[in-house]
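Source file: data-v3.cif. Holds: mmCIF, C-alpha atoms and all ligand atoms.
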data_start
loop_
_atom_site.label_atom_id
_atom_site.label_comp_id
_atom_site.auth_asym_id
_atom_site.auth_seq_id
_atom_site.Cartn_x
_atom_site.Cartn_y
_atom_site.Cartn_z
CA MET K 55 40.07 57.55 132.44
CA PRO K 56 36.55 58.99 132.85
CA PRO K 57 36.47 62.21 134.89
CA THR K 58 35.52 61.52 138.49
CA SER K 59 32.56 63.56 139.60
CA PRO K 60 33.14 65.52 142.83
CA THR K 61 31.57 64.08 145.97
CA PRO K 62 28.43 66.11 146.70
CA ALA K 63 28.25 67.90 150.04
CA PHE K 64 25.76 66.73 152.65
CA VAL K 65 23.49 69.76 152.80
CA LEU K 66 20.39 70.44 154.79
CA ALA K 67 19.36 73.90 153.56
CA ARG K 68 16.06 73.95 151.72
CA PRO K 69 14.90 76.49 149.16
CA LYS K 70 12.77 79.37 150.49
CA ASP K 71 9.84 78.43 148.28
CA ALA K 72 9.71 74.77 149.41
CA PRO K 73 10.65 74.75 153.10
CA LEU K 74 8.66 71.62 153.93
CA ALA K 75 10.23 69.33 151.32
CA PRO K 76 13.68 67.71 151.59
CA PRO K 77 16.48 69.54 149.70
CA PRO K 78 15.73 68.93 145.99
CA GLN K 79 19.26 67.74 145.15
CA PHE K 80 18.65 64.62 147.26
CA ALA K 81 15.71 63.57 145.09
CA ASP K 82 18.13 63.63 142.18
CA LEU K 83 20.66 61.50 144.06
CA ARG K 84 17.94 59.03 145.09
CA GLU K 85 17.15 58.48 141.43
CA LYS K 86 20.69 58.40 139.99
CA SER K 87 22.96 57.19 142.82
CA PRO K 88 20.82 56.00 145.71
CA ILE K 89 23.85 54.94 147.76
CA THR K 90 26.66 57.42 147.25
CA ARG K 91 29.47 59.16 149.08
CA VAL K 92 28.82 62.66 150.42
CA THR K 93 31.18 65.09 152.12
CA LEU K 94 30.14 65.74 155.70
CA ARG K 95 33.19 67.73 156.73
CA GLU K 96 36.89 67.88 155.92
CA GLY K 97 38.18 64.33 155.54
CA LEU K 98 34.88 62.61 156.26
CA SER K 99 32.81 61.23 153.36
CA PRO K 100 30.21 58.76 154.59
CA TRP K 101 27.72 56.95 152.38
CA LEU K 102 24.32 58.56 151.92
CA VAL K 103 21.33 56.21 151.61
CA THR K 104 18.22 57.76 150.07
CA ARG K 105 15.88 54.93 148.95
CA TRP K 106 13.16 53.55 151.22
CA GLU K 107 14.18 49.93 150.64
CA ASP K 108 17.91 50.52 151.21
CA ALA K 109 17.19 52.68 154.27
CA ARG K 110 15.21 49.82 155.83
CA ALA K 111 17.93 47.35 154.92
CA VAL K 112 20.62 49.38 156.72
CA LEU K 113 18.46 50.16 159.77
CA GLY K 114 17.41 46.52 160.08
CA SER K 115 20.93 45.10 159.71
CA PRO K 116 23.09 43.98 162.64
CA ALA K 117 26.17 44.97 160.60
CA PHE K 118 25.90 48.61 161.76
CA SER K 119 26.72 50.42 165.00
CA SER K 120 24.88 53.44 166.43
CA ASP K 121 27.82 54.48 168.60
CA PRO K 122 28.82 58.05 167.59
CA ASN K 123 32.31 57.36 168.97
CA HIS K 124 32.90 54.34 166.75
CA PRO K 125 35.96 55.00 164.54
CA GLY K 126 34.68 56.27 161.19
CA ALA K 127 31.29 57.34 162.59
CA PRO K 128 29.66 60.09 160.51
CA ASN K 129 29.85 62.75 163.18
CA ASP K 130 29.45 66.43 162.40
CA ARG K 131 31.84 67.43 165.14
CA GLU K 132 35.28 66.12 165.81
CA GLY K 133 36.07 64.67 169.21
CA ARG K 134 34.27 62.25 171.47
CA MET K 135 30.61 62.66 172.27
CA ARG K 136 29.53 62.11 175.85
CA SER K 137 26.88 59.43 176.04
CA PRO K 138 25.88 57.98 179.40
CA ARG K 139 24.34 54.49 179.21
CA GLY K 140 20.89 55.95 179.80
CA PHE K 141 21.21 57.81 176.47
CA PHE K 142 20.82 54.42 174.84
CA ALA K 143 20.15 55.53 171.25
CA ASN K 144 23.93 56.06 171.10
CA HIS K 145 24.77 52.54 172.32
CA ASP K 146 24.79 49.13 170.71
CA ASP K 147 23.58 45.91 172.27
CA PRO K 148 23.95 44.63 174.93
CA VAL K 149 23.98 48.07 176.71
CA HIS K 150 21.27 49.36 174.38
CA ALA K 151 19.01 46.36 174.94
CA THR K 152 19.46 46.43 178.74
CA MET K 153 18.59 50.11 178.96
CA ARG K 154 15.71 49.98 176.45
CA ARG K 155 14.18 46.98 178.24
CA THR K 156 13.79 49.03 181.43
CA LEU K 157 11.30 51.24 179.60
CA THR K 158 9.50 49.03 177.06
CA ARG K 159 6.49 48.38 179.32
CA GLU K 160 6.01 52.14 179.72
CA PHE K 161 5.16 52.58 176.06
CA MET K 162 2.79 49.65 175.65
CA VAL K 163 -0.65 50.37 174.22
CA LYS K 164 -2.43 50.04 177.58
CA ARG K 165 -0.11 52.46 179.38
CA ILE K 166 -0.34 55.03 176.62
CA ALA K 167 -4.14 54.67 176.50
CA ALA K 168 -4.14 55.46 180.22
CA LEU K 169 -2.14 58.65 179.57
CA ARG K 170 -4.56 59.95 176.92
CA PRO K 171 -6.92 61.73 179.38
CA ALA K 172 -3.93 63.61 180.85
CA VAL K 173 -2.78 64.63 177.36
CA ALA K 174 -6.32 65.85 176.57
CA ARG K 175 -6.47 67.79 179.85
CA LEU K 176 -3.08 69.46 179.30
CA THR K 177 -4.05 70.30 175.71
CA ASP K 178 -7.25 71.88 176.94
CA GLU K 179 -5.47 73.89 179.65
CA LEU K 180 -2.83 75.23 177.26
CA LEU K 181 -5.36 76.10 174.54
CA THR K 182 -7.62 77.85 177.07
CA ALA K 183 -4.70 79.92 178.36
CA MET K 184 -3.53 80.70 174.83
CA SER K 185 -6.95 81.71 173.55
CA GLU K 186 -7.24 84.25 176.35
CA LEU K 187 -4.24 86.12 174.93
CA SER K 188 -4.81 88.76 172.29
CA GLY K 189 -2.85 89.61 169.20
CA PRO K 190 -0.43 87.31 167.43
CA VAL K 191 0.76 84.58 169.76
CA ASP K 192 3.78 82.33 169.29
CA LEU K 193 2.39 78.81 168.94
CA VAL K 194 5.81 77.31 169.71
CA GLU K 195 6.16 79.05 173.07
CA HIS K 196 2.54 78.83 174.22
CA PHE K 197 1.54 75.43 172.98
CA ALA K 198 3.87 73.23 170.94
CA LEU K 199 6.85 73.24 173.36
CA PRO K 200 5.10 73.17 176.76
CA LEU K 201 2.69 70.37 175.81
CA PRO K 202 5.24 67.53 175.33
CA SER K 203 7.26 68.69 178.32
CA LEU K 204 4.17 68.62 180.58
CA VAL K 205 3.28 65.18 179.21
CA ILE K 206 6.75 63.91 180.09
CA CYS K 207 6.39 65.37 183.61
CA GLU K 208 3.18 63.35 183.89
CA LEU K 209 4.87 60.22 182.53
CA LEU K 210 7.94 60.45 184.77
CA GLY K 211 6.03 61.54 187.85
CA VAL K 212 7.57 64.99 188.32
CA PRO K 213 5.66 66.64 191.20
CA TYR K 214 3.37 69.42 190.05
CA GLU K 215 5.16 72.06 192.15
CA ASP K 216 8.43 71.26 190.28
CA HIS K 217 6.94 71.59 186.79
CA ALA K 218 8.15 75.16 186.27
CA PHE K 219 11.66 74.31 187.48
CA PHE K 220 11.77 71.18 185.33
CA GLN K 221 10.66 73.09 182.23
CA GLU K 222 13.20 75.83 182.91
CA GLN K 223 16.00 73.28 183.32
CA SER K 224 15.03 71.50 180.14
CA LYS K 225 15.01 74.65 177.98
CA PRO K 226 18.71 74.62 176.98
CA LEU K 227 18.35 70.93 176.20
CA VAL K 228 16.00 71.71 173.37
CA ASP K 229 17.36 75.14 172.47
CA GLN K 230 18.79 74.70 169.02
CA LYS K 231 21.05 77.71 169.48
CA ALA K 232 22.76 76.05 172.45
CA THR K 233 26.28 74.68 171.91
CA ALA K 234 27.09 70.99 172.45
CA GLU K 235 28.64 71.90 175.80
CA GLU K 236 25.55 73.86 176.92
CA THR K 237 23.31 70.99 175.85
CA TRP K 238 25.44 68.54 177.79
CA GLN K 239 25.33 70.82 180.84
CA ALA K 240 21.52 71.01 180.63
CA PHE K 241 21.35 67.22 180.39
CA ALA K 242 23.61 66.92 183.44
CA ASN K 243 21.52 69.47 185.46
CA LEU K 244 18.31 67.68 184.64
CA SER K 245 19.81 64.32 185.41
CA GLU K 246 20.98 65.66 188.80
CA TYR K 247 17.45 66.79 189.64
CA LEU K 248 16.03 63.46 188.46
CA LEU K 249 18.59 61.57 190.55
CA GLU K 250 17.15 63.23 193.67
CA LEU K 251 13.64 62.45 192.51
CA VAL K 252 14.43 58.75 191.88
CA ARG K 253 15.63 58.55 195.50
CA THR K 254 12.47 60.32 196.76
CA LYS K 255 10.28 57.82 194.87
CA ARG K 256 11.49 55.08 197.25
CA THR K 257 9.76 56.74 200.20
CA THR K 258 6.87 58.30 198.24
CA PRO K 259 6.20 56.00 195.30
CA GLY K 260 3.72 56.91 192.56
CA ASP K 261 2.21 55.27 189.48
CA ASP K 262 4.96 56.60 187.22
CA VAL K 263 8.11 55.76 185.26
CA LEU K 264 10.60 57.04 187.85
CA THR K 265 9.03 54.90 190.59
CA ARG K 266 9.27 51.82 188.38
CA LEU K 267 12.87 52.70 187.44
CA ALA K 268 13.69 53.06 191.16
CA GLU K 269 12.30 49.53 191.65
CA GLN K 270 14.62 48.28 188.91
CA VAL K 271 17.53 49.96 190.69
CA ASP K 272 16.61 48.01 193.85
CA GLU K 273 16.47 44.81 191.81
CA GLY K 274 20.03 45.52 190.61
CA VAL K 275 19.11 45.92 186.92
CA ILE K 276 20.36 49.52 186.68
CA THR K 277 22.00 52.17 188.88
CA ASP K 278 20.41 55.31 190.33
CA GLN K 279 22.40 57.33 187.80
CA ASP K 280 21.08 55.19 184.90
CA ALA K 281 17.52 55.78 186.11
CA ALA K 282 18.08 59.56 186.19
CA ASP K 283 19.79 59.56 182.76
CA LEU K 284 16.96 57.48 181.29
CA GLY K 285 14.48 60.08 182.52
CA ALA K 286 16.53 62.94 181.04
CA PHE K 287 16.89 61.03 177.78
CA LEU K 288 13.11 60.59 177.50
CA LEU K 289 12.66 64.31 177.85
CA PHE K 290 15.35 64.96 175.27
CA ALA K 291 13.98 62.42 172.78
CA GLY K 292 10.32 63.27 173.16
CA HIS K 293 10.21 67.00 173.62
CA GLU K 294 11.58 68.84 170.62
CA THR K 295 10.47 66.10 168.20
CA THR K 296 6.82 66.25 169.23
CA ALA K 297 6.92 70.06 169.48
CA ASN K 298 8.23 70.44 165.95
CA MET K 299 5.70 67.97 164.61
CA ILE K 300 2.91 70.06 166.16
CA THR K 301 4.17 73.31 164.64
CA LEU K 302 5.08 71.98 161.19
CA SER K 303 1.82 70.02 160.99
CA THR K 304 -0.06 73.22 161.77
CA ILE K 305 1.71 75.05 158.93
CA THR K 306 1.11 72.11 156.56
CA LEU K 307 -2.57 71.86 157.42
CA LEU K 308 -3.05 75.60 156.98
CA GLN K 309 -1.51 75.21 153.53
CA HIS K 310 -3.96 72.37 152.73
CA PRO K 311 -7.20 73.57 154.38
CA ASP K 312 -9.29 71.22 152.22
CA GLN K 313 -7.71 68.28 154.10
CA ILE K 314 -8.42 69.52 157.64
CA PRO K 315 -11.84 67.74 157.74
CA HIS K 316 -10.02 64.34 157.60
CA LEU K 317 -8.38 65.24 160.86
CA LEU K 318 -11.73 65.92 162.49
CA ALA K 319 -13.52 62.87 161.09
CA GLY K 320 -12.90 60.38 163.90
CA PRO K 321 -10.16 58.26 165.52
CA ASP K 322 -9.44 55.96 162.54
CA GLN K 323 -9.14 58.88 160.13
CA VAL K 324 -7.03 60.92 162.51
CA ALA K 325 -4.62 57.98 162.95
CA VAL K 326 -4.04 57.79 159.17
CA ALA K 327 -3.78 61.58 158.91
CA VAL K 328 -1.14 61.78 161.65
CA ASP K 329 0.97 59.05 160.03
CA GLU K 330 0.79 60.86 156.70
CA LEU K 331 1.95 64.07 158.40
CA LEU K 332 4.80 62.13 160.01
CA ARG K 333 5.82 60.77 156.58
CA TYR K 334 5.39 64.05 154.72
CA LEU K 335 7.36 66.10 157.24
CA THR K 336 9.89 63.50 158.53
CA ILE K 337 11.35 66.02 160.96
CA VAL K 338 14.50 64.01 161.83
CA HIS K 339 16.12 65.40 158.68
CA PHE K 340 19.74 65.13 159.81
CA GLY K 341 19.64 61.50 158.83
CA LEU K 342 20.15 58.55 161.13
CA ARG K 343 23.85 57.85 161.55
CA ARG K 344 25.51 54.43 161.56
CA THR K 345 28.96 52.85 161.08
CA ALA K 346 29.52 49.45 159.47
CA VAL K 347 31.13 46.97 161.87
CA GLU K 348 31.71 44.44 159.10
CA ASP K 349 31.69 44.47 155.29
CA VAL K 350 28.12 44.45 154.05
CA THR K 351 26.42 44.84 150.67
CA ILE K 352 23.30 47.00 150.50
CA GLY K 353 21.50 47.75 147.23
CA GLY K 354 24.48 46.36 145.28
CA VAL K 355 27.02 48.63 147.02
CA THR K 356 29.63 47.18 149.36
CA ILE K 357 30.09 49.18 152.52
CA ARG K 358 33.32 48.27 154.30
CA ALA K 359 33.79 47.85 158.05
CA GLY K 360 34.55 51.25 159.62
CA GLU K 361 32.72 53.26 156.94
CA GLY K 362 30.00 55.66 158.04
CA VAL K 363 26.47 55.83 156.66
CA ILE K 364 23.84 58.58 156.81
CA ILE K 365 20.33 57.25 156.27
CA SER K 366 18.23 60.12 154.93
CA ILE K 367 14.83 59.04 156.18
CA ASN K 368 13.17 62.22 154.95
CA VAL K 369 14.33 61.54 151.37
CA ALA K 370 13.44 57.83 151.69
CA ASN K 371 9.94 58.78 152.84
CA ARG K 372 9.46 60.61 149.54
CA ASP K 373 10.66 57.65 147.44
CA PRO K 374 8.32 57.28 144.42
CA GLU K 375 9.33 53.61 144.10
CA PHE K 376 7.53 53.01 147.37
CA PHE K 377 4.95 55.78 147.90
CA ASN K 378 2.56 56.87 145.20
CA ALA K 379 2.89 60.63 144.42
CA PRO K 380 5.08 61.04 147.53
CA ASP K 381 5.37 64.82 147.31
CA ASP K 382 1.61 65.19 147.70
CA LEU K 383 0.03 65.39 151.13
CA ASP K 384 -2.80 62.86 151.24
CA LEU K 385 -4.31 62.56 154.70
CA GLU K 386 -6.18 59.43 153.53
CA ARG K 387 -3.09 57.70 152.13
CA ALA K 388 -3.24 53.91 152.39
CA GLY K 389 0.05 52.58 153.77
CA ALA K 390 1.18 55.92 155.21
CA ARG K 391 2.23 54.00 158.36
CA GLN K 392 5.03 52.33 156.41
CA HIS K 393 7.05 55.54 156.71
CA LEU K 394 10.46 55.58 158.37
CA ALA K 395 9.91 58.79 160.36
CA PHE K 396 10.38 56.81 163.60
CA GLY K 397 13.34 54.86 162.19
CA TYR K 398 13.33 51.09 161.85
CA GLY K 399 15.01 48.10 163.49
CA ILE K 400 16.26 47.80 167.06
CA HIS K 401 16.50 51.58 167.56
CA GLN K 402 13.04 52.32 166.19
CA CYS K 403 11.48 55.10 168.26
CA LEU K 404 10.43 53.73 171.62
CA GLY K 405 8.12 56.69 172.24
CA GLN K 406 6.16 56.38 169.01
CA PRO K 407 2.88 55.26 170.63
CA LEU K 408 3.06 58.34 172.85
CA ALA K 409 4.04 60.65 169.98
CA ARG K 410 1.13 59.34 167.90
CA ALA K 411 -1.31 59.71 170.82
CA GLU K 412 -0.17 63.29 171.47
CA LEU K 413 -0.52 64.31 167.81
CA GLN K 414 -3.86 62.51 167.43
CA ILE K 415 -5.24 64.46 170.41
CA VAL K 416 -3.56 67.82 169.91
CA LEU K 417 -4.01 68.50 166.19
CA PRO K 418 -7.79 67.94 165.91
CA GLU K 419 -8.33 69.85 169.16
CA LEU K 420 -6.31 72.83 167.92
CA PHE K 421 -8.41 73.13 164.75
CA ARG K 422 -11.69 72.39 166.55
CA ARG K 423 -11.05 75.08 169.17
CA LEU K 424 -9.60 77.65 166.79
CA PRO K 425 -11.33 77.12 163.42
CA ASP K 426 -10.10 80.50 162.17
CA LEU K 427 -6.49 79.80 163.09
CA ARG K 428 -4.02 81.41 160.69
CA ILE K 429 -0.35 82.36 160.51
CA ALA K 430 0.07 86.01 161.47
CA VAL K 431 3.07 86.79 159.21
CA PRO K 432 3.91 86.08 155.56
CA MET K 433 5.46 82.60 155.11
CA GLU K 434 8.77 84.18 153.96
CA GLU K 435 9.20 85.69 157.43
CA ILE K 436 9.12 82.35 159.22
CA SER K 437 12.61 81.17 160.26
CA PHE K 438 13.13 77.47 159.68
CA LYS K 439 15.78 75.62 161.68
CA GLN K 440 17.84 74.37 158.77
CA ASP K 441 20.96 72.91 160.32
CA THR K 442 19.66 71.22 163.43
CA ALA K 443 19.03 67.51 163.98
CA VAL K 444 15.29 68.00 164.07
CA TYR K 445 13.63 70.27 161.51
CA GLY K 446 11.28 72.94 162.77
CA VAL K 447 10.65 76.66 163.15
CA LEU K 448 12.02 79.04 165.76
CA GLU K 449 8.64 80.65 166.30
CA LEU K 450 5.24 80.61 164.67
CA PRO K 451 3.13 83.73 165.24
CA VAL K 452 -0.54 82.79 164.87
CA THR K 453 -3.85 84.52 165.25
CA TRP K 454 -7.53 83.41 165.05
C1 LIG K 501 6.92 62.90 166.46
C2 LIG K 501 7.76 62.68 167.40
C3 LIG K 501 8.96 61.77 167.30
C4 LIG K 501 9.75 61.44 166.22
C5 LIG K 501 9.59 61.89 164.79
C6 LIG K 501 10.77 60.54 166.71
C7 LIG K 501 11.76 59.97 165.91
C8 LIG K 501 12.69 59.04 166.35
C9 LIG K 501 13.64 58.36 165.51
C10 LIG K 501 13.80 58.57 164.01
C11 LIG K 501 14.37 57.52 166.29
C12 LIG K 501 15.44 56.53 165.83
C13 LIG K 501 16.84 57.00 166.05
C14 LIG K 501 17.88 56.06 165.42
O1 LIG K 501 17.54 55.04 164.85
O2 LIG K 501 19.06 56.39 165.49
C15 LIG K 501 13.88 57.67 167.65
C16 LIG K 501 14.38 57.00 168.75
C17 LIG K 501 13.90 57.17 170.02
N1 LIG K 501 12.81 57.92 170.42
FE1 LIG K 501 11.64 59.04 169.25
N2 LIG K 501 10.60 60.36 168.06
C18 LIG K 501 9.50 61.08 168.46
C19 LIG K 501 8.96 61.14 169.73
C20 LIG K 501 9.42 60.46 170.82
C21 LIG K 501 8.82 60.48 172.15
C22 LIG K 501 7.54 61.23 172.52
C23 LIG K 501 9.62 59.72 172.96
C24 LIG K 501 9.49 59.41 174.43
C25 LIG K 501 8.95 60.16 175.33
C26 LIG K 501 10.70 59.19 172.15
C27 LIG K 501 11.69 58.37 172.59
C28 LIG K 501 12.66 57.78 171.78
C29 LIG K 501 13.68 56.88 172.29
C30 LIG K 501 13.85 56.47 173.76
C31 LIG K 501 14.47 56.51 171.19
C32 LIG K 501 15.71 55.61 171.21
C33 LIG K 501 15.33 54.21 170.80
C34 LIG K 501 16.51 53.26 170.74
O3 LIG K 501 17.64 53.67 170.47
O4 LIG K 501 16.28 52.05 170.97
N3 LIG K 501 10.54 59.67 170.85
N4 LIG K 501 12.84 58.60 167.66
#

Structure translated into structure tokens:
Amino acid sequence: MPPTSPTPAFVLARPKDAPLAPPPQFADLREKSPITRVTLREGLSPWLVTRWEDARAVLGSPAFSSDPNHPGAPNDREGRMRSPRGFFANHDDPVHATMRRTLTREFMVKRIAALRPAVARLTDELLTAMSELSGPVDLVEHFALPLPSLVICELLGVPYEDHAFFQEQSKPLVDQKATAEETWQAFANLSEYLLELVRTKRTTPGDDVLTRLAEQVDEGVITDQDAADLGAFLLFAGHETTANMITLSTITLLQHPDQIPHLLAGPDQVAVAVDELLRYLTIVHFGLRRTAVEDVTIGGVTIRAGEGVIISINVANRDPEFFNAPDDLDLERAGARQHLAFGYGIHQCLGQPLARAELQIVLPELFRRLPDLRIAVPMEEISFKQDTAVYGVLELPVTW
């Protein structure tokens, strides 16, 4: 009998000298065994999918569940995860579809276009306040984290006088050092505050998401609690992701200063540049997690019902079979938008038009306002968040 090779561990740690690329061992797997078993933890060895084509096939297939409590789900922690219906990324249809439908209109092109002036104003306010500070300043604390949270306040219709409270409440939700219990508690606190706000919107309606969710409560589509949980979920889904994209894009652009002009060249160029940054960085590096609900064959491998799958979208977005010279950053790359950084299929990121708009406004403005922007410490001193769902840095001291 041929010797059986040990199942490789699912690792996230990246080498110090290449912190922006996926772990190099995955590139090897993508070439030699693109769908293979990996060890996630004791007794749990889900499949790992690393090719662009296979990743799309799994994410687009109805044969997989997104429920983290499904038996066999590739969960890092044992035990049940708490997922209210409003946290619909963790639900399958029909709950998923019902909850997602309550928000789809909010992310249509016209609505997002209407939010752009507010994003530009908030960007301007934060950059003005930051540029008045002297000495190295943490870009994460002063710019990258507050911006998406203020945008979500605007989107939801959080009254201005509650902004500080709302941001304070949401901190543990995006604090990567928080335990699962602390994160859950933060979600519950925020949801409690939002529940009150949904009720207030009935007497003082606004042109905002919570008012429109309150209307859907009155129409019997969802409950008050769903509306509050949906609001908290939007904050959770759109805060840390956008923040980390801002910080990691800044580092990447400072490492490729010759490409910064593409970002400043106009709306069409900035759109391509942002999609290339999304592909290159693919910050959701934990992999998207699914469980087969029936036997299904993907890329010639049969995955049985009840078996877990991790779809490594960051490795798939560097697949040389699909992207030319994928390890190079090319802010003019044709087809950059074909990346899987927002997922694919029914769970594809609902907030992607907003995320794109934020990045398209924020990144050029940052480099226009601070042309001498630079990192204030040697790269080796920057702490990357290696084992969290979304890749990023803890802080980024900058100067200009
Ligand atoms: C650059 C920033 C962002 C990235 C990279 C990102 C990435 C993703 C990915 C990969 C998924 C798919 C999860 C899966 O298939 O299991 C997702 C789902 C989702 N995202 Fe985003 N996201 C970003 C920003 C946002 C923003 C700004 C919002 C809203 C304010 C948002 C709201 C959502 C929602 C609601 C879902 C769940 C969709 C569903 O299950 O149907 N995201 N995101």

### Query
Which of these residues is nearest to Ile365 of chain K, using all atoms listed in the file: K:Ala242, K:Leu394, K:Ile400, K:Ala63?
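Closest to Ile365 of chain K of all the choices is K:Leu394.
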
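Counting only C-alpha atoms, Ile166 of chain K has the following residues at most 8 Å away, ignoring those fewer than 6 positions along the same chain: Glu160, Pro407, Leu408 and Ala411 of chain K.
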
### Query
If you count all atoms listed in the file, which residues end up within 7 Å of ligand LIG 501 (chain K), as a ChimeraX atom specification?
/K:120,142-144,150,154,206,287-289,291-293,295-296,299,332,336-338,342-343,395-398,400-406,408-410

### Task
Extract, using only C-alpha atoms, all DNA, RNA and protein residues at most 10 Å from Arg131 of chain K, discarding same-chain residues fewer than 3 positions from it, and format them as an MDAnalysis selection string.
chainID K and resid 94:95 128 134:135 234

Using 6 Å of padding on each side, determine the axis-aligned box around all atoms of segment 87-96 of chain K present in the file and give its centre and edge lengths in Å to one decimal, as lines of an AutoDock Vina configuration file.
center_x = 28.9
center_y = 61.4
center_z = 149.8
size_x = 28.1
size_y = 24.9
size_z = 25.9

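Across the structure, atom CA of Leu383 of chain K and atom CA of Tyr334 of chain K are spaced 6.6 Å apart.
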
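When only C-alpha atoms are used to compute distances to Leu209 of chain K, the closest of the residues K:Phe161, K:Phe376, K:Phe197, K:Phe118 turns out to be K:Phe161.
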
### Task
Rounded to one decimal place, report the atom CA of Pro418 of chain K-atom CA of Thr453 of chain K distance in Å.
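Spanning atom CA of Pro418 of chain K to atom CA of Thr453 of chain K is a straight-line distance of 17.1 Å.
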
### Query
Mind pulling up the distance from atom CA of Ile415 of chain K to atom CA of Ala430 of chain K?
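Distance between the two atoms: 23.9 Å.
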
Output as an mmCIF file, keeping the file's coordinate frame: segment 309-321 of chain K, completed with N, CA and C atoms.
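So the final result, stored in part-v6.cif, reads:
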data_model
loop_
_atom_site.group_PDB
_atom_site.id
_atom_site.type_symbol
_atom_site.label_atom_id
_atom_site.label_comp_id
_atom_site.auth_asym_id
_atom_site.auth_seq_id
_atom_site.Cartn_x
_atom_site.Cartn_y
_atom_site.Cartn_z
ATOM 1 N N GLN K 309 -1.768 75.121 154.969
ATOM 2 C CA GLN K 309 -1.510 75.210 153.530
ATOM 3 C C GLN K 309 -2.426 74.279 152.731
ATOM 4 N N HIS K 310 -3.063 73.320 153.400
ATOM 5 C CA HIS K 310 -3.960 72.370 152.730
ATOM 6 C C HIS K 310 -5.303 72.343 153.478
ATOM 7 N N PRO K 311 -5.990 73.509 153.537
ATOM 8 C CA PRO K 311 -7.200 73.570 154.380
ATOM 9 C C PRO K 311 -8.275 72.571 153.964
ATOM 10 N N ASP K 312 -8.282 72.187 152.677
ATOM 11 C CA ASP K 312 -9.290 71.220 152.220
ATOM 12 C C ASP K 312 -9.130 69.869 152.907
ATOM 13 N N GLN K 313 -7.949 69.601 153.481
ATOM 14 C CA GLN K 313 -7.710 68.280 154.100
ATOM 15 C C GLN K 313 -7.985 68.272 155.605
ATOM 16 N N ILE K 314 -8.215 69.460 156.184
ATOM 17 C CA ILE K 314 -8.420 69.520 157.640
ATOM 18 C C ILE K 314 -9.611 68.640 158.084
ATOM 19 N N PRO K 315 -10.709 68.579 157.309
ATOM 20 C CA PRO K 315 -11.840 67.740 157.740
ATOM 21 C C PRO K 315 -11.445 66.283 158.026
ATOM 22 N N HIS K 316 -10.435 65.738 157.331
ATOM 23 C CA HIS K 316 -10.020 64.340 157.600
ATOM 24 C C HIS K 316 -9.526 64.187 159.028
ATOM 25 N N LEU K 317 -8.941 65.267 159.514
ATOM 26 C CA LEU K 317 -8.380 65.240 160.860
ATOM 27 C C LEU K 317 -9.480 65.248 161.916
ATOM 28 N N LEU K 318 -10.639 65.757 161.522
ATOM 29 C CA LEU K 318 -11.730 65.920 162.490
ATOM 30 C C LEU K 318 -12.772 64.821 162.334
ATOM 31 N N ALA K 319 -12.480 63.822 161.467
ATOM 32 C CA ALA K 319 -13.520 62.870 161.090
ATOM 33 C C ALA K 319 -13.655 61.668 162.021
ATOM 34 N N GLY K 320 -12.780 61.531 162.999
ATOM 35 C CA GLY K 320 -12.900 60.380 163.900
ATOM 36 C C GLY K 320 -11.552 59.720 164.115
ATOM 37 N N PRO K 321 -11.460 58.812 165.118
ATOM 38 C CA PRO K 321 -10.160 58.260 165.520
ATOM 39 C C PRO K 321 -9.425 57.493 164.411
#
